[in-house]
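The data block below is structure_18.cif; it holds mmCIF, C-alpha atoms.
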```
data_coords
loop_
_atom_site.label_atom_id
_atom_site.label_comp_id
_atom_site.auth_asym_id
_atom_site.auth_seq_id
_atom_site.Cartn_x
_atom_site.Cartn_y
_atom_site.Cartn_z
CA MET A 24 24.70 -43.03 -42.44
CA VAL A 25 27.80 -40.99 -43.10
CA GLY A 26 29.40 -39.89 -39.84
CA GLY A 27 27.70 -39.75 -36.50
CA GLY A 28 30.24 -41.49 -34.29
CA CYS A 29 28.87 -42.87 -31.03
CA ARG A 30 25.59 -40.93 -31.40
CA GLY A 31 25.21 -42.36 -34.89
CA LEU A 32 25.65 -45.88 -33.54
CA ASP A 33 23.00 -45.14 -30.89
CA LEU A 34 20.67 -43.99 -33.66
CA ALA A 35 21.49 -47.11 -35.69
CA ARG A 36 20.57 -49.34 -32.72
CA GLU A 37 17.19 -47.60 -32.37
CA LEU A 38 16.42 -47.84 -36.08
CA ILE A 39 17.45 -51.51 -36.26
CA ALA A 40 15.35 -52.33 -33.18
CA GLU A 41 12.35 -51.02 -35.12
CA GLY A 42 13.14 -53.19 -38.14
CA HIS A 43 14.98 -50.68 -40.34
CA ALA A 44 18.11 -51.66 -42.21
CA VAL A 45 21.05 -49.36 -41.59
CA ARG A 46 24.29 -49.00 -43.51
CA ALA A 47 26.95 -47.02 -41.64
CA VAL A 48 30.03 -45.62 -43.33
CA SER A 49 33.44 -45.54 -41.71
CA ARG A 50 36.79 -44.67 -43.15
CA HIS A 51 38.40 -46.91 -40.51
CA PRO A 52 38.26 -50.68 -41.11
CA GLU A 53 38.87 -51.24 -37.39
CA ALA A 54 35.43 -49.69 -36.73
CA ARG A 55 33.68 -52.54 -38.55
CA ALA A 56 33.17 -54.66 -35.42
CA ALA A 57 31.53 -51.84 -33.45
CA ILE A 58 29.26 -50.95 -36.37
CA GLU A 59 28.25 -54.53 -37.02
CA ALA A 60 27.63 -55.08 -33.29
CA THR A 61 24.72 -52.63 -33.63
CA GLY A 62 23.25 -54.79 -36.37
CA ALA A 63 24.17 -52.26 -39.06
CA GLU A 64 26.00 -53.05 -42.25
CA CYS A 65 29.46 -51.48 -42.35
CA TRP A 66 30.61 -49.70 -45.51
CA ILE A 67 34.26 -48.70 -45.66
CA GLY A 68 34.42 -45.36 -47.43
CA ASP A 69 35.59 -41.81 -46.98
CA PRO A 70 33.39 -38.71 -47.33
CA ASP A 71 36.53 -36.87 -48.47
CA VAL A 72 36.53 -39.23 -51.47
CA VAL A 73 32.89 -39.29 -52.55
CA GLY A 74 33.56 -41.98 -55.14
CA THR A 75 34.11 -44.45 -52.28
CA LEU A 76 30.53 -43.78 -51.14
CA ARG A 77 28.69 -44.01 -54.46
CA TYR A 78 27.67 -47.64 -54.13
CA ALA A 79 26.90 -47.22 -50.46
CA LEU A 80 23.67 -45.58 -51.73
CA ASP A 81 22.40 -48.82 -53.29
CA ASN A 82 18.88 -49.50 -51.95
CA VAL A 83 19.10 -46.60 -49.49
CA THR A 84 15.95 -44.63 -48.70
CA VAL A 85 17.36 -41.87 -46.48
CA LEU A 86 20.92 -40.55 -46.59
CA LEU A 87 22.16 -39.27 -43.23
CA TRP A 88 25.04 -36.76 -43.47
CA LEU A 89 25.98 -36.58 -39.78
CA LEU A 90 29.18 -34.58 -39.87
CA GLY A 91 28.19 -31.60 -37.70
CA SER A 92 30.90 -32.50 -35.19
CA ALA A 93 33.53 -33.74 -37.63
CA ARG A 94 37.13 -32.88 -36.79
CA GLY A 95 40.07 -32.05 -38.97
CA PRO A 96 41.78 -29.27 -40.85
CA ALA A 97 39.58 -26.30 -41.71
CA GLU A 98 39.83 -26.88 -45.47
CA LYS A 99 38.69 -30.50 -45.12
CA LEU A 100 35.75 -29.51 -42.91
CA ALA A 101 34.79 -26.83 -45.43
CA ALA A 102 34.80 -29.45 -48.18
CA LEU A 103 32.70 -31.92 -46.15
CA HIS A 104 29.99 -29.27 -45.78
CA GLY A 105 30.51 -27.80 -49.23
CA SER A 106 31.95 -29.48 -52.31
CA ARG A 107 31.93 -33.06 -50.95
CA LEU A 108 28.36 -32.73 -49.75
CA ARG A 109 27.36 -31.23 -53.12
CA MET A 110 28.96 -34.16 -54.96
CA MET A 111 27.21 -36.65 -52.70
CA LEU A 112 23.88 -34.95 -53.23
CA ASP A 113 24.44 -35.04 -56.99
CA LYS A 114 25.06 -38.78 -56.69
CA THR A 115 21.67 -39.29 -55.03
CA ALA A 116 19.83 -38.26 -58.19
CA ASP A 117 18.38 -41.31 -59.95
CA THR A 118 18.82 -43.55 -56.90
CA THR A 119 16.40 -44.94 -54.35
CA VAL A 120 17.24 -42.09 -51.94
CA ARG A 121 14.01 -40.30 -50.99
CA GLY A 122 15.59 -37.71 -48.73
CA VAL A 123 18.64 -36.42 -46.92
CA VAL A 124 19.09 -35.64 -43.24
CA TYR A 125 21.79 -33.00 -42.79
CA GLU A 126 23.25 -32.44 -39.33
CA ALA A 127 23.20 -28.64 -39.10
CA ALA A 128 24.43 -28.40 -35.51
CA GLY A 129 27.63 -29.41 -33.81
CA THR A 130 31.17 -28.32 -33.21
CA VAL A 131 31.90 -27.42 -36.82
CA ALA A 132 32.04 -23.66 -37.43
CA PRO A 133 28.57 -22.15 -37.90
CA ASP A 134 29.45 -20.72 -41.32
CA LEU A 135 30.36 -24.20 -42.57
CA LEU A 136 27.11 -25.66 -41.24
CA ALA A 137 25.22 -22.81 -42.92
CA ALA A 138 27.00 -23.65 -46.18
CA GLY A 139 25.87 -27.27 -45.81
CA VAL A 140 22.29 -26.15 -45.25
CA GLU A 141 22.50 -24.15 -48.46
CA GLU A 142 23.82 -27.23 -50.28
CA VAL A 143 20.80 -29.34 -49.28
CA ARG A 144 18.48 -26.46 -50.17
CA HIS A 145 20.18 -26.20 -53.57
CA ALA A 146 19.71 -29.95 -54.11
CA ARG A 147 16.02 -29.54 -53.29
CA ARG A 148 15.64 -26.68 -55.77
CA THR A 149 17.60 -28.29 -58.59
CA ASN A 150 16.98 -32.04 -58.21
CA GLU A 151 13.90 -32.13 -55.97
CA ILE A 152 15.78 -33.99 -53.24
CA PRO A 153 13.83 -33.57 -50.00
CA TYR A 154 15.82 -32.82 -46.89
CA ALA A 155 15.41 -32.46 -43.16
CA LEU A 156 17.76 -30.63 -40.84
CA LEU A 157 19.04 -32.12 -37.60
CA GLU A 158 19.54 -28.94 -35.59
CA THR A 159 19.96 -30.39 -32.10
CA GLY A 160 23.43 -30.50 -30.56
CA ARG A 161 24.95 -33.77 -29.41
CA ASP A 162 25.41 -32.70 -25.79
CA ASP A 163 21.97 -34.09 -24.93
CA ARG A 164 21.97 -37.68 -26.21
CA ASP A 165 18.21 -38.26 -25.88
CA ALA A 166 17.30 -34.95 -27.51
CA TRP A 167 19.71 -35.60 -30.41
CA LEU A 168 18.34 -39.10 -30.96
CA ALA A 169 14.74 -37.82 -30.85
CA ALA A 170 15.57 -35.05 -33.33
CA GLY A 171 17.35 -37.51 -35.62
CA ARG A 172 14.37 -39.86 -35.55
CA ALA A 173 11.97 -36.96 -36.20
CA ALA A 174 14.03 -35.87 -39.22
CA ILE A 175 14.07 -39.39 -40.65
CA ASP A 176 10.36 -39.90 -39.97
CA ALA A 177 9.51 -36.57 -41.63
CA LEU A 178 11.23 -37.71 -44.81
CA LEU A 179 9.71 -41.18 -44.77
CA THR A 180 6.17 -39.88 -44.30
CA ALA A 181 6.38 -36.77 -46.50
CA ASP A 182 3.74 -36.29 -49.15
CA ARG A 183 5.78 -36.39 -52.37
CA SER A 184 2.99 -34.75 -54.34
CA ALA A 185 3.12 -31.59 -52.23
CA ALA A 186 5.44 -28.79 -53.29
CA ALA A 187 8.12 -27.89 -50.76
#
```
Mind converting the file's structure to structure tokens?
Amino acid sequence: MVGGGCRGLDLARELIAEGHAVRAVSRHPEARAAIEATGAECWIGDPDVVGTLRYALDNVTVLLWLLGSARGPAEKLAALHGSRLRMMLDKTADTTVRGVVYEAAGTVAPDLLAAGVEEVRHARRTNEIPYALLETGRDDRDAWLAAGRAAIDALLTADRSAAA
């Protein structure tokens, strides 16, 4: 899980309660205690420096890119939904990752979210990486959690022999 903040931690709690293992990324070492309190493994890394995330993919089934409400300078946000996302998706090739959930809603500018959607579509076309879009805003906690779970479940239960 890359990003997600408080909603991401709520999602982690739900997944862990059902027996899933969750690895949550934070660029802030002081966030480790809150992440680990959910039962998730904390990985210190920075989506602005994709190399710090490469080994976070070890034994991961679904990559969650939950940066739809990321904050920061416009050029950094553009990179998170463009070049950084593309690099991360390239890193998923030849790993255990079976799919990517991309948060396509949030406070980030709509054109940047649309660029991110195109990145996951490109990864599907070029490397056959399945994806699901999380298109529910965070203002309704329960709806966001349900949509996140539905996206994850869709990837976990997808028929890999069917063409997408």
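You will find atom CA of Asn82 of chain A at 11.0 Å from atom CA of Thr115 of chain A.
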Contacts of Trp88 of chain A at 7 Å (all atoms listed in the file; same-chain gap of 4+ positions) as a PDB file with C-alpha atoms, in the frame of the given file:
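Listing of part-v5.pdb after writing:
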```
ATOM      1  CA  MET A  24      24.700 -43.030 -42.440  1.00  0.00           C
ATOM      2  CA  VAL A  25      27.800 -40.990 -43.100  1.00  0.00           C
ATOM      3  CA  GLY A  26      29.400 -39.890 -39.840  1.00  0.00           C
ATOM      4  CA  VAL A 124      19.090 -35.640 -43.240  1.00  0.00           C
ATOM      5  CA  TYR A 125      21.790 -33.000 -42.790  1.00  0.00           C
ATOM      6  CA  GLU A 126      23.250 -32.440 -39.330  1.00  0.00           C
TER       7      GLU A 126
END
```
field: Explicit residue set for the PyMOL selection byres ((chain A and resi 35-39) around 12), as a PyMOL selection string
entry: chain A and resi 24-34+40-48+57-65+87+165+168-169+171-173+175-176
Written selection (C-alpha atoms) as a tab-separated table (two decimals), in the coordinates of the input:
```tsv
chain	number	residue	atom	x	y	z
A	24	MET	CA	24.70	-43.03	-42.44
A	25	VAL	CA	27.80	-40.99	-43.10
A	26	GLY	CA	29.40	-39.89	-39.84
A	27	GLY	CA	27.70	-39.75	-36.50
A	28	GLY	CA	30.24	-41.49	-34.29
A	29	CYS	CA	28.87	-42.87	-31.03
A	30	ARG	CA	25.59	-40.93	-31.40
A	31	GLY	CA	25.21	-42.36	-34.89
A	32	LEU	CA	25.65	-45.88	-33.54
A	33	ASP	CA	23.00	-45.14	-30.89
A	34	LEU	CA	20.67	-43.99	-33.66
A	40	ALA	CA	15.35	-52.33	-33.18
A	41	GLU	CA	12.35	-51.02	-35.12
A	42	GLY	CA	13.14	-53.19	-38.14
A	43	HIS	CA	14.98	-50.68	-40.34
A	44	ALA	CA	18.11	-51.66	-42.21
A	45	VAL	CA	21.05	-49.36	-41.59
A	46	ARG	CA	24.29	-49.00	-43.51
A	47	ALA	CA	26.95	-47.02	-41.64
A	48	VAL	CA	30.03	-45.62	-43.33
A	57	ALA	CA	31.53	-51.84	-33.45
A	58	ILE	CA	29.26	-50.95	-36.37
A	59	GLU	CA	28.25	-54.53	-37.02
A	60	ALA	CA	27.63	-55.08	-33.29
A	61	THR	CA	24.72	-52.63	-33.63
A	62	GLY	CA	23.25	-54.79	-36.37
A	63	ALA	CA	24.17	-52.26	-39.06
A	64	GLU	CA	26.00	-53.05	-42.25
A	65	CYS	CA	29.46	-51.48	-42.35
A	87	LEU	CA	22.16	-39.27	-43.23
A	165	ASP	CA	18.21	-38.26	-25.88
A	168	LEU	CA	18.34	-39.10	-30.96
A	169	ALA	CA	14.74	-37.82	-30.85
A	171	GLY	CA	17.35	-37.51	-35.62
A	172	ARG	CA	14.37	-39.86	-35.55
A	173	ALA	CA	11.97	-36.96	-36.20
A	175	ILE	CA	14.07	-39.39	-40.65
A	176	ASP	CA	10.36	-39.90	-39.97
```
query: Expressed in Å to a single decimal, how great is the separation between atom CA of Val140 of chain A and atom CA of Ala93 of chain A?
result: 15.6 Å
Just want the 9 Å neighbourhood of segment 129-135 of chain A, counted on all atoms listed in the file, with same-chain residues fewer than 6 positions away dropped. Output as a PDB file with C-alpha atoms, keeping the file's coordinate frame.
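Printed below is out01.pdb as written:
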```pdb
ATOM      1  CA  LEU A  90      29.180 -34.580 -39.870  1.00  0.00           C
ATOM      2  CA  GLY A  91      28.190 -31.600 -37.700  1.00  0.00           C
ATOM      3  CA  SER A  92      30.900 -32.500 -35.190  1.00  0.00           C
ATOM      4  CA  ALA A  93      33.530 -33.740 -37.630  1.00  0.00           C
ATOM      5  CA  ARG A  94      37.130 -32.880 -36.790  1.00  0.00           C
ATOM      6  CA  LEU A 100      35.750 -29.510 -42.910  1.00  0.00           C
ATOM      7  CA  ALA A 101      34.790 -26.830 -45.430  1.00  0.00           C
ATOM      8  CA  ALA A 102      34.800 -29.450 -48.180  1.00  0.00           C
ATOM      9  CA  LEU A 103      32.700 -31.920 -46.150  1.00  0.00           C
ATOM     10  CA  HIS A 104      29.990 -29.270 -45.780  1.00  0.00           C
ATOM     11  CA  GLY A 105      30.510 -27.800 -49.230  1.00  0.00           C
ATOM     12  CA  GLU A 158      19.540 -28.940 -35.590  1.00  0.00           C
ATOM     13  CA  THR A 159      19.960 -30.390 -32.100  1.00  0.00           C
ATOM     14  CA  GLY A 160      23.430 -30.500 -30.560  1.00  0.00           C
ATOM     15  CA  ARG A 161      24.950 -33.770 -29.410  1.00  0.00           C
ATOM     16  CA  ASP A 162      25.410 -32.700 -25.790  1.00  0.00           C
TER      17      ASP A 162
END
```
Who sits within 12 Å of Lys114 of chain A, only C-alpha atoms, same chain under 2 positions skipped, as an MDAnalysis selection string: chainID A and resid 73:81 86 107:112 116:120 123 146 150 152
Go ahead and write the selection's residues with C-alpha atoms as a short mmCIF file (atom, residue, chain, number, x, y, z; two decimals), in the coordinates of the input.
```cif
data_model
loop_
_atom_site.label_atom_id
_atom_site.label_comp_id
_atom_site.auth_asym_id
_atom_site.auth_seq_id
_atom_site.Cartn_x
_atom_site.Cartn_y
_atom_site.Cartn_z
CA VAL A 73 32.89 -39.29 -52.55
CA GLY A 74 33.56 -41.98 -55.14
CA THR A 75 34.11 -44.45 -52.28
CA LEU A 76 30.53 -43.78 -51.14
CA ARG A 77 28.69 -44.01 -54.46
CA TYR A 78 27.67 -47.64 -54.13
CA ALA A 79 26.90 -47.22 -50.46
CA LEU A 80 23.67 -45.58 -51.73
CA ASP A 81 22.40 -48.82 -53.29
CA LEU A 86 20.92 -40.55 -46.59
CA ARG A 107 31.93 -33.06 -50.95
CA LEU A 108 28.36 -32.73 -49.75
CA ARG A 109 27.36 -31.23 -53.12
CA MET A 110 28.96 -34.16 -54.96
CA MET A 111 27.21 -36.65 -52.70
CA LEU A 112 23.88 -34.95 -53.23
CA ALA A 116 19.83 -38.26 -58.19
CA ASP A 117 18.38 -41.31 -59.95
CA THR A 118 18.82 -43.55 -56.90
CA THR A 119 16.40 -44.94 -54.35
CA VAL A 120 17.24 -42.09 -51.94
CA VAL A 123 18.64 -36.42 -46.92
CA ALA A 146 19.71 -29.95 -54.11
CA ASN A 150 16.98 -32.04 -58.21
CA ILE A 152 15.78 -33.99 -53.24
#
```
query: So which one's closest to Ala155 of chain A, A:Ile67, A:Val83, A:Leu179, A:Ala97? Using only C-alpha atoms, please.
result: A:Leu179
field: Nearest to Thr180 of chain A, chosen from A:Val72, A:Ser49, A:Leu156, A:Thr84, with only C-alpha atoms counted in the distances
entry: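 The answer is A:Thr84, which sits nearest to Thr180 of chain A.
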- prompt: What does the distance between atom CA of Glu141 of chain A and atom CA of Ala170 of chain A come to in Å, to one decimal place?
  reply: 19.9 Å
message: I'd like to know which of A:Ala138, A:Ala54, A:Pro70, A:Leu178 is closest to Gly122 of chain A, using all atoms listed in the file.
response: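 Under the stated criterion, the closest residue is A:Leu178.
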- prompt: Pick from A:Leu89, A:Gly95, A:Thr149, A:Ala181: nearest to Leu136 of chain A, with all atoms listed in the file counted?
  reply: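 That would be A:Leu89, the residue with the smallest distance to Leu136 of chain A.
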